[in-house]
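**Student:** Sending over data_38.tsv (TSV, C-alpha atoms).
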```
chain	number	residue	atom	x	y	z
A	1	MET	CA	-12.53	-18.91	-15.62
A	2	PRO	CA	-12.41	-15.79	-13.38
A	3	ASN	CA	-10.07	-12.94	-14.25
A	4	PRO	CA	-7.07	-13.08	-11.82
A	5	ILE	CA	-7.20	-9.30	-11.39
A	6	TYR	CA	-10.55	-9.75	-9.66
A	7	ASN	CA	-9.61	-12.83	-7.66
A	8	ASN	CA	-10.02	-11.95	-3.96
A	9	ASN	CA	-7.26	-14.44	-3.05
A	10	ARG	CA	-4.77	-12.04	-4.60
A	11	PHE	CA	-5.63	-9.22	-2.19
A	12	THR	CA	-6.25	-11.17	1.02
A	13	HIS	CA	-4.89	-8.38	3.22
A	14	LEU	CA	-7.26	-5.71	1.84
A	15	LEU	CA	-10.72	-4.99	3.19
A	16	PRO	CA	-13.52	-5.79	0.71
A	17	GLU	CA	-14.35	-2.08	0.20
A	18	ASP	CA	-10.67	-1.35	-0.47
A	19	ILE	CA	-10.54	-4.13	-3.07
A	20	GLU	CA	-13.29	-2.36	-5.02
A	21	VAL	CA	-11.22	0.85	-5.09
A	22	TRP	CA	-8.13	-1.11	-6.15
A	23	LYS	CA	-10.01	-2.80	-9.00
A	24	ARG	CA	-10.99	0.62	-10.35
A	25	PHE	CA	-7.34	1.69	-10.29
A	26	LEU	CA	-6.17	-1.50	-12.02
A	27	VAL	CA	-8.30	-0.81	-15.11
A	28	SER	CA	-7.51	2.94	-15.18
A	29	PRO	CA	-4.97	4.73	-17.40
A	30	ALA	CA	-2.97	5.54	-14.23
A	31	ASN	CA	-1.98	1.87	-13.94
A	32	ILE	CA	1.35	2.04	-15.76
A	33	TYR	CA	2.90	-0.83	-13.79
A	34	SER	CA	4.11	-4.14	-15.17
A	35	HIS	CA	3.25	-5.99	-11.97
A	36	PHE	CA	2.63	-5.59	-8.26
A	37	ASP	CA	3.93	-7.10	-5.06
A	38	TYR	CA	1.30	-7.21	-2.32
A	39	ASP	CA	1.53	-7.07	1.46
A	40	VAL	CA	5.24	-6.17	1.33
A	41	ARG	CA	6.90	-6.42	4.74
A	42	VAL	CA	9.15	-3.56	5.83
A	43	GLY	CA	10.67	-2.43	9.09
A	44	ASP	CA	12.03	-4.40	11.99
A	45	GLY	CA	8.88	-5.63	13.67
A	46	ARG	CA	8.70	-6.00	17.44
A	47	ASP	CA	10.49	-8.74	19.36
A	48	PRO	CA	8.10	-10.19	21.96
A	49	GLY	CA	11.07	-10.95	24.19
A	50	SER	CA	13.29	-13.76	25.41
A	51	LYS	CA	10.55	-15.39	27.48
A	52	PHE	CA	9.29	-16.92	24.21
A	53	ASP	CA	10.84	-19.78	22.24
A	54	GLU	CA	12.93	-18.62	19.28
A	55	LYS	CA	10.40	-19.76	16.66
A	56	TYR	CA	7.64	-17.78	18.40
A	57	ARG	CA	9.91	-14.76	18.74
A	58	GLN	CA	10.61	-14.86	15.01
A	59	LEU	CA	6.90	-15.30	14.26
A	60	GLY	CA	6.07	-12.33	16.51
A	61	ILE	CA	8.62	-10.17	14.69
A	62	LEU	CA	7.33	-11.28	11.29
A	63	LEU	CA	3.68	-10.65	12.19
A	64	SER	CA	4.41	-7.20	13.62
A	65	GLN	CA	6.33	-5.85	10.63
A	66	ARG	CA	4.69	-3.01	8.71
A	67	ARG	CA	3.09	-4.07	5.43
A	68	ILE	CA	2.81	-1.99	2.28
A	69	ASP	CA	-0.46	-2.68	0.47
A	70	ALA	CA	1.14	-2.80	-2.99
A	71	VAL	CA	4.45	-2.03	-4.67
A	72	GLY	CA	4.07	-1.24	-8.38
A	73	HIS	CA	6.99	-2.00	-10.68
A	74	HIS	CA	7.85	0.43	-13.47
A	75	ASP	CA	11.12	0.81	-15.41
A	76	SER	CA	11.80	4.22	-13.87
A	77	HIS	CA	10.47	3.78	-10.31
A	78	LEU	CA	8.70	1.71	-7.72
A	79	ALA	CA	5.32	2.93	-6.52
A	80	ILE	CA	4.70	2.52	-2.80
A	81	ILE	CA	0.90	2.29	-2.77
A	82	GLU	CA	-1.55	2.65	0.09
A	83	ILE	CA	-5.09	1.54	-0.77
A	84	THR	CA	-8.09	2.63	1.26
A	85	ARG	CA	-11.67	3.67	0.69
A	86	VAL	CA	-11.52	6.86	2.79
A	87	ALA	CA	-8.07	8.31	3.38
A	88	GLY	CA	-6.92	10.68	6.10
A	89	LEU	CA	-3.79	11.53	8.00
A	90	MET	CA	-3.04	7.91	8.91
A	91	ALA	CA	-2.47	7.19	5.21
A	92	LEU	CA	-0.25	10.28	5.02
A	93	GLY	CA	1.91	8.92	7.82
A	94	GLN	CA	2.14	5.52	6.17
A	95	LEU	CA	3.11	7.00	2.81
A	96	THR	CA	5.72	9.18	4.46
A	97	ALA	CA	7.31	6.29	6.37
A	98	TYR	CA	6.90	3.36	3.96
A	99	PRO	CA	9.35	4.59	1.27
A	100	VAL	CA	12.00	5.09	3.97
A	101	LEU	CA	11.37	1.64	5.44
A	102	TYR	CA	11.31	0.06	1.96
A	103	GLN	CA	14.69	1.60	1.15
A	104	LEU	CA	16.15	0.39	4.44
A	105	SER	CA	14.73	-3.11	3.92
A	106	TYR	CA	15.51	-3.62	0.21
A	107	ASN	CA	18.18	-1.02	-0.71
A	108	THR	CA	16.79	-0.31	-4.19
A	109	THR	CA	18.40	2.01	-6.72
A	110	LEU	CA	15.04	2.90	-8.27
A	111	ALA	CA	13.18	6.03	-7.22
A	112	LEU	CA	10.36	5.39	-4.76
A	113	LYS	CA	7.06	7.16	-5.49
A	114	PRO	CA	4.40	7.17	-2.75
A	115	ILE	CA	0.86	6.93	-4.14
A	116	LEU	CA	-2.50	6.95	-2.41
A	117	VAL	CA	-5.33	5.08	-4.15
A	118	CYS	CA	-8.65	5.91	-2.54
A	119	GLU	CA	-12.31	6.57	-3.12
A	120	GLU	CA	-12.45	9.66	-0.94
A	121	LEU	CA	-9.89	11.95	0.72
A	122	GLN	CA	-10.86	13.59	3.99
A	123	ALA	CA	-11.09	17.36	3.46
A	124	ASP	CA	-8.44	18.31	6.01
A	125	ALA	CA	-5.94	15.83	4.50
A	126	GLU	CA	-5.86	17.34	1.01
A	127	VAL	CA	-3.36	20.13	1.77
A	128	PRO	CA	-0.99	17.92	3.82
A	129	PHE	CA	-0.86	15.34	0.97
A	130	HIS	CA	-0.20	18.13	-1.53
A	131	MET	CA	2.53	19.67	0.66
A	132	ALA	CA	4.16	16.25	1.12
A	133	ARG	CA	4.13	15.78	-2.69
A	134	ILE	CA	2.29	12.48	-2.43
A	135	THR	CA	0.23	11.53	-5.46
A	136	VAL	CA	-3.45	11.06	-4.64
A	137	LEU	CA	-5.55	9.05	-7.10
A	138	LEU	CA	-9.27	9.20	-6.47
A	139	TYR	CA	-11.57	6.43	-7.72
A	140	PRO	CA	-15.14	7.13	-6.64
A	141	PRO	CA	-17.73	4.43	-7.20
A	142	PRO	CA	-19.48	4.43	-10.56
A	143	VAL	CA	-22.61	6.53	-10.73
A	144	THR	CA	-25.72	4.40	-11.04
A	145	SER	CA	-28.99	5.74	-12.33
```
Would you kindly transcribe this structure into structure tokens?
**Tutor:**
Amino acid sequence: MPNPIYNNNRFTHLLPEDIEVWKRFLVSPANIYSHFDYDVRVGDGRDPGSKFDEKYRQLGILLSQRRIDAVGHHDSHLAIIEITRVAGLMALGQLTAYPVLYQLSYNTTLALKPILVCEELQADAEVPFHMARITVLLYPPPVTS
């Protein structure tokens, strides 16, 4: 029977190369989380307008909401996690906005900790992530000989 951690059905919203990075995180000592929620919807979404039937309007709103890759649950905090193979300033923007949108959507009392899980960080993004106090966890591919 396959291990559920490696079951692609669990991470349907992630690109295959991002799943490989995520798998490396899941077996690392940095994974201190009891469980994860995936593809967590936050924000208002965009209403396509009154020219559409109500069910299609609601579907449009639902499909256009922002989605957090993973939310890790820990006793002391929730980790708002962006997962990508190569990270740049787009990930910085997401990890700046997602904790705010999560708080507005779910009104949690736990601290929210933005975390980037990636294989590679673009050189010009390192200082902005550091200045924003966002944790960056790098998981390069294993070295093969």
**Student:** Hey, which of A:Gly45, A:Pro114, A:Pro140, A:Pro29 ends up closest to Leu63 of chain A? Count only C-alpha atoms.
**Tutor:**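 Smallest distance to Leu63 of chain A is found for A:Gly45.
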**Student:** What is the distance, in Å and to one decimal place, between atom CA of Pro141 of chain A and atom CA of Ala87 of chain A?
**Tutor:** 14.8 Å
**Student:** Of the candidates A:Ala79, A:Ala132, A:Leu104, A:Val21, which one gets nearest to Val42 of chain A if we count only C-alpha atoms?
**Tutor:**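 Among A:Ala79, A:Ala132, A:Leu104, A:Val21, it is A:Leu104 that comes nearest to Val42 of chain A.
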**Student:** Calculated over all atoms listed in the file, which of the candidates A:Gln65, A:Arg57, A:Ile32, A:Leu14 has the smallest distance to Tyr102 of chain A?
**Tutor:** A:Gln65
**Student:** Which residue, A:His13, A:Leu95, A:Leu116, A:Val100, has the smallest gap to Gly43 of chain A when you use only C-alpha atoms?
**Tutor:**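 Going through A:His13, A:Leu95, A:Leu116, A:Val100 one by one, the smallest distance to Gly43 of chain A is for A:Val100.
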**Student:** Write out as CSV the residues of segment 56-114 of chain A that have any atom within 10 Å of an atom of segment 122-127 of chain A, one row each with the nearest atom pair and its distance in Å to one decimal, counting only C-alpha atoms, sorted by chain and then rising number.
**Tutor:**
```
residue,atom,partner,partner_atom,distance
A:Val86,CA,A:Gln122,CA,6.9
A:Ala87,CA,A:Gln122,CA,6.0
A:Gly88,CA,A:Gln122,CA,5.3
A:Leu89,CA,A:Ala125,CA,5.9
A:Met90,CA,A:Ala125,CA,9.5
A:Ala91,CA,A:Ala125,CA,9.3
A:Leu92,CA,A:Ala125,CA,8.0
```
**Student:** Print the selection's residues with C-alpha atoms to a file, as a PDB file, in the frame of the given file.
**Tutor:**
```pdb
ATOM      1  CA  VAL A  86     -11.520   6.860   2.790  1.00  0.00           C
ATOM      2  CA  ALA A  87      -8.070   8.310   3.380  1.00  0.00           C
ATOM      3  CA  GLY A  88      -6.920  10.680   6.100  1.00  0.00           C
ATOM      4  CA  LEU A  89      -3.790  11.530   8.000  1.00  0.00           C
ATOM      5  CA  MET A  90      -3.040   7.910   8.910  1.00  0.00           C
ATOM      6  CA  ALA A  91      -2.470   7.190   5.210  1.00  0.00           C
ATOM      7  CA  LEU A  92      -0.250  10.280   5.020  1.00  0.00           C
TER       8      LEU A  92
END
```
**Student:** Let me have the centre and edge lengths of the axis-aligned box enclosing all listed atoms of segment 10-23 of chain A with 5 Å padding on every side, in Å to one decimal, as JSON.
**Tutor:**
```
{"center_x": -9.6, "center_y": -5.6, "center_z": -2.9, "size_x": 19.6, "size_y": 22.9, "size_z": 22.2}
```
**Student:** As an exercise, work out the distance from atom CA of Ile68 of chain A to atom CA of Ile19 of chain A in Å and give it to one decimal place.
**Tutor:**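 If I compute the distance from atom CA of Ile68 of chain A to atom CA of Ile19 of chain A, I get 14.5 Å.
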**Student:** Counting all atoms listed in the file, which residues have an atom no more than 6 Å from (7.4, 0.1, -1.6) in the file's coordinates? Please list them as a PyMOL selection string.
**Tutor:** chain A and resi 71+80+99+102
**Student:** Between atom CA of His77 of chain A and atom CA of Lys113 of chain A, what is the spacing in Å?
**Tutor:** 6.8 Å
**Student:** Hey, can you pull every residue with an atom no more than 7 Å from (0.1, 12.2, -4.0), using all atoms listed in the file, and send it as a VMD selection string?
**Tutor:** chain A and resid 114 to 116 129 to 130 133 to 136
**Student:** Let me make sure I understand: among A:Glu20, A:Thr12, A:Ala70, A:Arg46, which one has the smallest atom-to-atom distance to Pro142 of chain A if we use all atoms listed in the file?
**Tutor:**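 Of all the options, A:Glu20 lies closest to Pro142 of chain A.
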**Student:** Write out as number ranges by chain which residues come within 8 Å of Tyr33 of chain A when counting all atoms listed in the file, dropping same-chain ones fewer than 4 positions away.
**Tutor:** A: 72-74
**Student:** Output C-alpha atoms for every residue in that selection, as a compact mmCIF listing (two decimals), in the coordinates of the input.
**Tutor:**
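Now in again-v3.txt:
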```txt
# COMPACT_ATOMS: atom_id res chain seq x y z
CA GLY A 72 4.07 -1.24 -8.38
CA HIS A 73 6.99 -2.00 -10.68
CA HIS A 74 7.85 0.43 -13.47
```
**Student:** Would you mind telling me which residue in A:Lys51, A:Gly60, A:Leu101, A:Ile81 lies nearest to Leu137 of chain A when using all atoms listed in the file?
**Tutor:**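 Closest candidate: A:Ile81.
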